[in-house]
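Before any comments, here is the structure.
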Protein chains: 2
Amino acid sequence: MSFNIIGKKIPKKDAPFKVTGQALYIDDVELPGMLYGKILYSKYPHARILHIDTSKAEKLPGVKAVITAKDFPPHFRIGFMKDNPPLKGTKVLSTRDEIAAVCAISPEIAEEALDLISVEYEVLQGIFDPLVAMREDAPILHEEVGSNILKLPWRLVCGDVEKAKKESAYVVEDTFTTQWVTHCCLATSGCVAYFDVNNNLTMYSNTQIPSLAQNEFLEALTALGLRNRRVRIIQVTIGGGFGSKLDTYPYEYIAILLALKTRKPVKIVFSRDEEFFATSPRQCTITKISQGCDRDGRLTFREVEMILDNGAYTSWGATTPSVMMMPISSLYRVPNVKYTATCVYTNNTYCQAMRGYGNPQATFAIESSLDHLAEESGIDPYDLRIINANEPGEITPQGFRVTTCGLKECIEEVAKRLNWKEKRGRGLKKRGVGIASLIHVGGGARVYKSDGCGTIIKMDDFGKVDVFTGASDIGQGADTVIAQIVAEELGVPVEDVNVIHNDTDICPWDVGVHASRTTFVAGNSALFAAKKIKKKLLEILSKLLEVPPEDVAIKNGIAFSKSDPQKSIPLARALRRIHFTTGGSMLMAEHFYDPQNENLNKEFRGNLSAAYAYGTHGVEVEVDTETGKVKILKYVAAHDVGRAINPLLLEGQIYGGVLQGIGYALSEKMIYDNGYLKNGNFLDYKILTVRDVPPVEIVIIETNEEAGPFGAKGIGEPGLVPTAPAIANAIYDAVGVRIRDLPITPEKVLKALKEKNKG
Amino acid sequence: MSFNIIGKKIPKKDAPFKVTGQALYIDDVELPGMLYGKILYSKYPHARILHIDTSKAEKLPGVKAVITAKDFPPHFRIGFMKDNPPLKGTKVLSTRDEIAAVCAISPEIAEEALDLISVEYEVLQGIFDPLVAMREDAPILHEEVGSNILKLPWRLVCGDVEKAKKESAYVVEDTFTTQWVTHCCLATSGCVAYFDVNNNLTMYSNTQIPSLAQNEFLEALTALGLRNRRVRIIQVTIGGGFGSKLDTYPYEYIAILLALKTRKPVKIVFSRDEEFFATSPRQCTITKISQGCDRDGRLTFREVEMILDNGAYTSWGATTPSVMMMPISSLYRVPNVKYTATCVYTNNTYCQAMRGYGNPQATFAIESSLDHLAEESGIDPYDLRIINANEPGEITPQGFRVTTCGLKECIEEVAKRLNWKEKRGRGLKKRGVGIASLIHVGGGARVYKSDGCGTIIKMDDFGKVDVFTGASDIGQGADTVIAQIVAEELGVPVEDVNVIHNDTDICPWDVGVHASRTTFVAGNSALFAAKKIKKKLLEILSKLLEVPPEDVAIKNGIAFSKSDPQKSIPLARALRRIHFTTGGSMLMAEHFYDPQNENLNKEFRGNLSAAYAYGTHGVEVEVDTETGKVKILKYVAAHDVGRAINPLLLEGQIYGGVLQGIGYALSEKMIYDNGYLKNGNFLDYKILTVRDVPPVEIVIIETNEEAGPFGAKGIGEPGLVPTAPAIANAIYDAVGVRIRDLPITPEKVLKALKEKNKG
């Protein structure tokens with residue numbers, strides 16, 4: 001295929017707005033008469049609330065409302081298991097528990113009012129370890145649930161693992177643990193809630209899920225006695241999402257209630273402090289994994305038992321096992337699979353979606369264990385992976401129908417660039433190489449009943465195009481990719497395509513930005529809408545140029561006859577011709593696209609995604625055995641992306657993913673001490689800075705996925721999935737120690753080296 | 001036909017927002033960093049500008065920019081004849097001429113800065129009378145034009161007037177004059193102009209013509225060197241239009257230039273003062289009219305010669321003769337017609353569109369003259385009108401194809417309600433009755449190359465509907481009417497339809513709100529889009545209910561089988577069923593409607609509108625012969641509206657029109673004294689107040705226009721068209737004096753009574 005715009009490195013459409021400060025972030029939203037909301041959080045991770053006295057706060061001049069749990073309907077709860085009251089009235093279960101909220105004419109007065117609220121607690125013993133929480137004698141945190149173990153059905157069984165284990169030539173077993181890490185969005189979370197005279201709600205928000213949030217808030221309005229109302233979500237510029245805004249939070253319901261009480265717009269924007277402790281991180285996991293292979297290195301089984309620290313309440317974190325099943329069942333060909341996951345309430349922070357949605361945790365276990373198996377079986381880790389690599393046409397045990405699959409090419413390309421055969425297993429200069437691969441959804445993921453996205457397109461008299469998309473641009477460049485897709489199809493310059501994505505009143509429904517689905521799903525939606533316009537255009541142009549429609553081409557806003565390019569007309573002129581006449585028309589089209597993928601059934605089988613993304617990362621490290629410090633000398637990330645719509649943005653996604661993955665592997669960790677976050681700031685939380693950035697080589701493998709827009713698959717998340725195991729494997733190759741607990745800090749490496757030397 | 005929602009008196013959707021102050025008017029728009037612009041107007045109606053010194057103003061702290069003519073491209077002009085530079089550099093031609101403009105951090109500083117600008121003038125002799133301006137020896141105001149008479153082609157000739165005049169049994173000739181009146185919008189004019197980092201312009205505006213203004217501003221950007229840019233018009237709540245915002249004004253270009261110079265949002269909102277003198281009123285006319293009839297009262301010819309005071313520059317006022325032709329050629333059956341109009345530059349204010357667009361001036365002459373002819377021929381004015389009334393199926397001399405026409409019924413109904421036969425010609429108690437009729441465009445008016453309007457509709461999972469319309473709601477209730485049309489077609493409650501009309505990025509193209517076209521054109525556009533949705537809906541519901549599509553009905557959001565109403569499903573549930581499934585869909589549709597009407601050809605013939613509105617007003621007055629004061633005892637307005645979509649709003653339109661018409665007839669006048677407006681405030685400008693409001697009886701005649709949405713025709717303007725002649729005719733009937741010069745003030749009545757008594 002030859003393209004005009006697809007495949008071009010086009011800078012992000014929103015970049016000029018962001019660098020000049022013209023982009024409107026939630027903090028920039030100012031409405032007439034707006035009030036500022038602030039939240040009082042719990043002093044203790046576990047306590048009974050005996051009494052709340054808000055009287056002093058209410059009397060503070062400038063304070064317009066103070067609310068506590070009693071202002072919400074008694075049984076109103078939010079979250080995946082509806083276990084989270086937006087304000088806690090009788091008991092707190094974590095230090096991020098919301099107890100009261102205030103709104104005032106200035107943020108300073110609101111803050112001052114919080115200090116005037118006195119809360120009497122009866123402190124209870126906290127449980128901060130899921131293994132402790134699972135004990136029979138552990139105090140129950142949610143009495144209404146009756147157990148600290150969540151009633152969630154995470155259990156996947158394919159084939160006969162027991163039998164396969166017995167028949168395997170080689171078997172390994174390991175336990176891996178991962179930490180809490182947070183999204184570190186540079187713009188903090190926030191909203192402005194506002195009721196109009198009809199009691200319809202407008203929410204300015206940086207949500208990643210405008211359509212689903214709309215639904216949740218509608219339910220909240222119903223609970224508040226406002227039936228059959230409208231909710232409008234106006235999505236402002238989002239300064240980072242990474243999954244952190246995939247669920248609604250108590251602060252949003254608090255803002256809604258404050259707005260309803262005061263009849264004024266109420267803004268709540270998190271401080272950096274709150275962004276660290278009151279948003280929901282990636283959940284920490286304890287993973288016991290066993291894998292085996294036959295004499296030829298063919299994988300025979302994979303068995304995984306996982307425990308997840310659910311924290312005090314339940315958000316999407318508890319559902320990540322549904323995605324972890326994907327690599328467990330389908331990364332490399334493995335005929336027998338067993339996976340169980342247990343989510344456990346503790347008095348820790350509760351967890352949410354984060355880029356990769358469980359996949360990094362699972363892949364860390366799988367790919368670390370695979371290297372262990374390679375060692376056990378005496379097969380080169382590269383060869384073991386090539387032997388078992390997925391291939392196009394395959395149907396995995398979980399029922400994924402693999403269409404395109406460039407996994408082998410990714411492994412080969414990474415090994416080549418790492419100079420694998422030369423470097424592997426030498427341990428020279430304490431240097432080593434490691435690789436790890438990934439599978440991820442690349443064609444949407446039917447986790448909700450709809451995986452769809454709608455698009456409306458209209459063209460004006462100047463050939464300019466407005467595209468209303470359900471998609472959300474959270475910084476990944478969705479607007480630019482959608483503009484390219486539409487521009488390619490219509491033959492107009494990409495600058496002439498304006499993408500509107502920010503308003504539920506205007507934009508069609510979309511399930512939200514997650515699962516690396518936007519390029520695939522929103523891209524297809526835009527493409528199909530554009531095709532409808534194109535069809536009309538070709539008919540019109542065919543008449544104007546007096547040639548058959550199939551002879552008409554459009555490029556750069558000029559339509560011409562392919563067979564006789566002298567015959568041409570500017571698109572804008574053609575559009576005016578059909579517009580400015582009796583019975584005239586203007587070109588508009590709409591399309592709702594929902595991919596051909598499936599909800600997993602009760603046994604968690606089904607073709608979750610319409611296409612799958614693959615990739616392999618390879619890394620060469622040098623370990624300082626004096627300090628335990630790991631230095632990355634070379635990093636290669638090869639990804640099967642179907643088609644690179646915009647290599648610039650695509651590389652940006654991979655690059656950003658890799659860096660986030662390196663932070664996950666080596667340095668990032670939210671340190672909780674008995675329920676209190678100890679490093680909730682950018683000084684103590686070790687996100688990578690520009691000084692920590694290693695060279696990253698990106699390899700794009702194009703497999704031209706038939707179901708994707710111009711052949712593309714999703715690439716938003718994969719970049720961080722195999723990073724940690726690739727690094728862990730390289731460290732093992734360098735100095736012979738395997739770190740099974742993330743992050744791989746110098747302290748852990750040193751300790752392991754010491755133990756190894758002892759042994 | 002039976003309707004659920006059409007024909008219901010549904011309150012305006014925007015009313016709650018307006019009465020609670022939640023509606024966003026232009027004055028309410030506040031953007032970060034916004035500056036305030038102010039304009040310096042000419043001190044003299046006619047002068048050469050020798051020198052402008054802005055240096056002191058520039059130095060005033062808080063002033064961010066000062067601009068004069070030299071900041072615009074040298075030949076940049078605006079307006080219908082491109083004769084109006086937004087800032088005047090060498091010569092001023094009226095006291096509203098803009099000479100310089102300032103923007104500053106507050107309106108007060110901007111105002112202060114204006115005082116610091118010194119302008120040196122050479123005062124020239126002003127011309128304030130078009131008859132004087134037409135003289136050969138008059139100084140030429142626009143040297144580049146070479147004449148004070150505009151080169152405009154207003155000349156309509158149908159049949160042979162000279163011959164007909166000779167053959168007529170009765171002939172009358174009169175000269176009528178009309179005054180300047182202004183729109184008196186309660187929200188003054190204004191805009192906020194803002195350039196983004198890509199040099200694309202956003203204009204918050206209360207324009208009536210978002211799509212055309214967008215085009216004009218694009219041209220301005222091109223002139224300013226910004227090629228191929230985007231202009232986005234965000235239409236705020238409009239506090240009255242009446243045609244005053246049908247053209248762009250210099251202040252808008254001034255705001256644009258100030259915004260470009262400062263890179264900040266610049267707001268210019270008129271003071272009430274400016275609203276009076278710097279917006280463009282209804283043009284004043286001198287009309288010589290002659291009509292004749294045969295012995296049976298059948299009209300034989302109508303000859304009209306008109307002179308219009310064009311003022312200093314040319315806006316739409318100069319084009320009103322194109323609409324005046326309509327009543328002149330087609331109000332009552334008249335076979336021979338001749339009409340010429342001359343627009344003349346003077347040093348007065350320049351004129352614009354105002355409700356009726358010339359029709360009130362023409363109809364005042366026609367209907368006053370007709371009563372004269374009735375007297376001359378001895379035929380009762382009622383009978384004369386019935387004899388000549390238009391009828392369905394008629395094609396008028398100008399080529400109008402009359403489809404529905406309830407004129408006869410209107411005349412009869414008014415006469416009946418006035419008790420015409422009893423009251424007419426008695427002069428008892430100085431009371432008299434008068435009637436006058438109207439024809440107006442009722443199915444759009446192709447004055448521009450497109451008369452179209454686009455609509456996009458989407459439905460959500462709750463059965464709620466968003467309608468993006470090109471139409472503008474300027475207070476007439478377009479949103480409500482469009483919501484009713486869509487709700488009727490889709491079978492949903494009208495509250496569930498949200499109409500979005502305020503943004504050129506979002507809403508499809510529309511030629512603007514004028515010519516009483518919105519209900520007809522935008523209504524049809526919305527209806528056709530809704531029909532597309534309905535078709536899809538019926539297919540879906542047919543499957544779900546297991547009945548044929550033609551057996552499905554939807555009412556109040558519930559779909560059911562007509563033959564077996566037990567079979568039913570809430571619409572919302574049906575929508576969710578088709579949405580929440582693999583390959584699911586959501587309902588959206590778009591339609592661009594352009595009516596089957598014609599641009600007038602060079603001889604001004606053609607079927608200007610797809611339907612015509614008719615009406616008759618009747619009035620009983622009492623004249624105080626001591627004071628000359630006219631009291632309206634009874635007022636009846638009968639209108640053929642095709643179909644009353646919403647009788648409440650429709651009556652509001654007629655009621656408002658009648659009151660504006662009574663003001664026009666009896667009290668309103670902009671008093672200009674040698675180019676200076678003397679009564680530019682609500683104390684001295686005699687608009688009707690609540691104390692002046694007479695009882696108005698409204699009669700709705702429904703003729704079910706096939707081309708209209710559910711049978712409707714336009715009714716925005718007709719309400720004021722025949723008011724003045726009906727009153728003038730009644731005064732004549734009461735006291736025997738005919739006032740030919742509007743407004744009919746007590747002074748004029750007294751003077752006429754005195755002259756009559758002398759005579």
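Numbering starts fresh at 1 for the residues of each chain in the structure tokens, the chains themselves are lettered A, B, ... in the order given, and ligands are numbered from 1 as they appear.
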**Request:** Can you list, as a PyMOL selection string, all residues belonging to segment 382-628 of chain A that DSSP tags as alpha helix (DSSP H)?
**Result:** chain A and resi 382-388+407-418+420-423+478-490+523-545+571-579
Practice problem: Return as a PyMOL selection string the residues belonging to chain A that are within 8 Å of chain B, counting only C-alpha atoms. | Solution: chain A and resi 16-17+20+22+196-198+449-452+454+458+460+466+505-506+508-509+579-586+588-598
Selection near Ile268 of chain A, 12 Å with only C-alpha atoms, sequence-local residues under 2 positions removed, as a PyMOL selection string: chain A and resi 26-30+34-39+101-104+106-107+110-111+188-194+203-206+249-259+265-266+270-271+274-275
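The coordinates place atom CA of Asp692 of chain A at 28.8 Å from atom CA of Thr175 of chain A.
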query: as a ChimeraX atom specification, which residues of segment 59-304 of chain A does DSSP assign to strand (DSSP E or B)?
result: /A:63-68,78,84,91-92,98-104,118-123,149,155-158,170-178,181,190-195,201-205,231-235,237,266-269,282,285-293,299-304
Polymer residues at most 12 Å from Ala553 of chain A, only C-alpha atoms, same-chain spacing of 2 or more positions, as a PyMOL selection string: chain A and resi 4+488-492+534-535+537-539+541-542+545+547-551+555-565+567-571
Practice task
Do a neighbour search on segment 427-434 of chain A at 6 Å with only C-alpha atoms, toss out local chain neighbours closer than 3 positions, and write the hits as a ChimeraX atom specification.
Solution key: /A:424,618-623,726,729-730,733-735
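Using only C-alpha atoms, the protein and nucleic acid residues lying no more than 8 Å from Met325 of chain B, apart from those fewer than 4 places from it along its own chain, are B:Leu156, B:Pro321, B:Ser329, B:Ser330, B:Tyr339.
Residues with any atom within 10 Å of Thr314 of chain B, counting only C-alpha atoms and excluding same-chain neighbours fewer than 2 positions away, are Ile78, Gly79, Phe80, Met81, Lys82, Asp83, Asn84, Leu150, Asn310, Gly311, Ala312, Trp316, Gly317, Ala318, Thr319, Cys343, Val344, Tyr345, Thr349, Tyr350, Cys351 and Gln352 of chain B.
For the set A:Gly512, A:Leu575, A:Ala613, A:Glu303, the residue with the smallest atom-to-atom gap to Asn390 of chain A is A:Ala613, counting only C-alpha atoms.
When atom CA of Tyr676 of chain A is paired with atom CA of Lys748 of chain A, their separation reads 22.9 Å.
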Atom CA of Lys88 of chain B to atom CA of Arg135 of chain B, distance in Å rounded to a single decimal |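 Those two atoms sit 25.8 Å apart.
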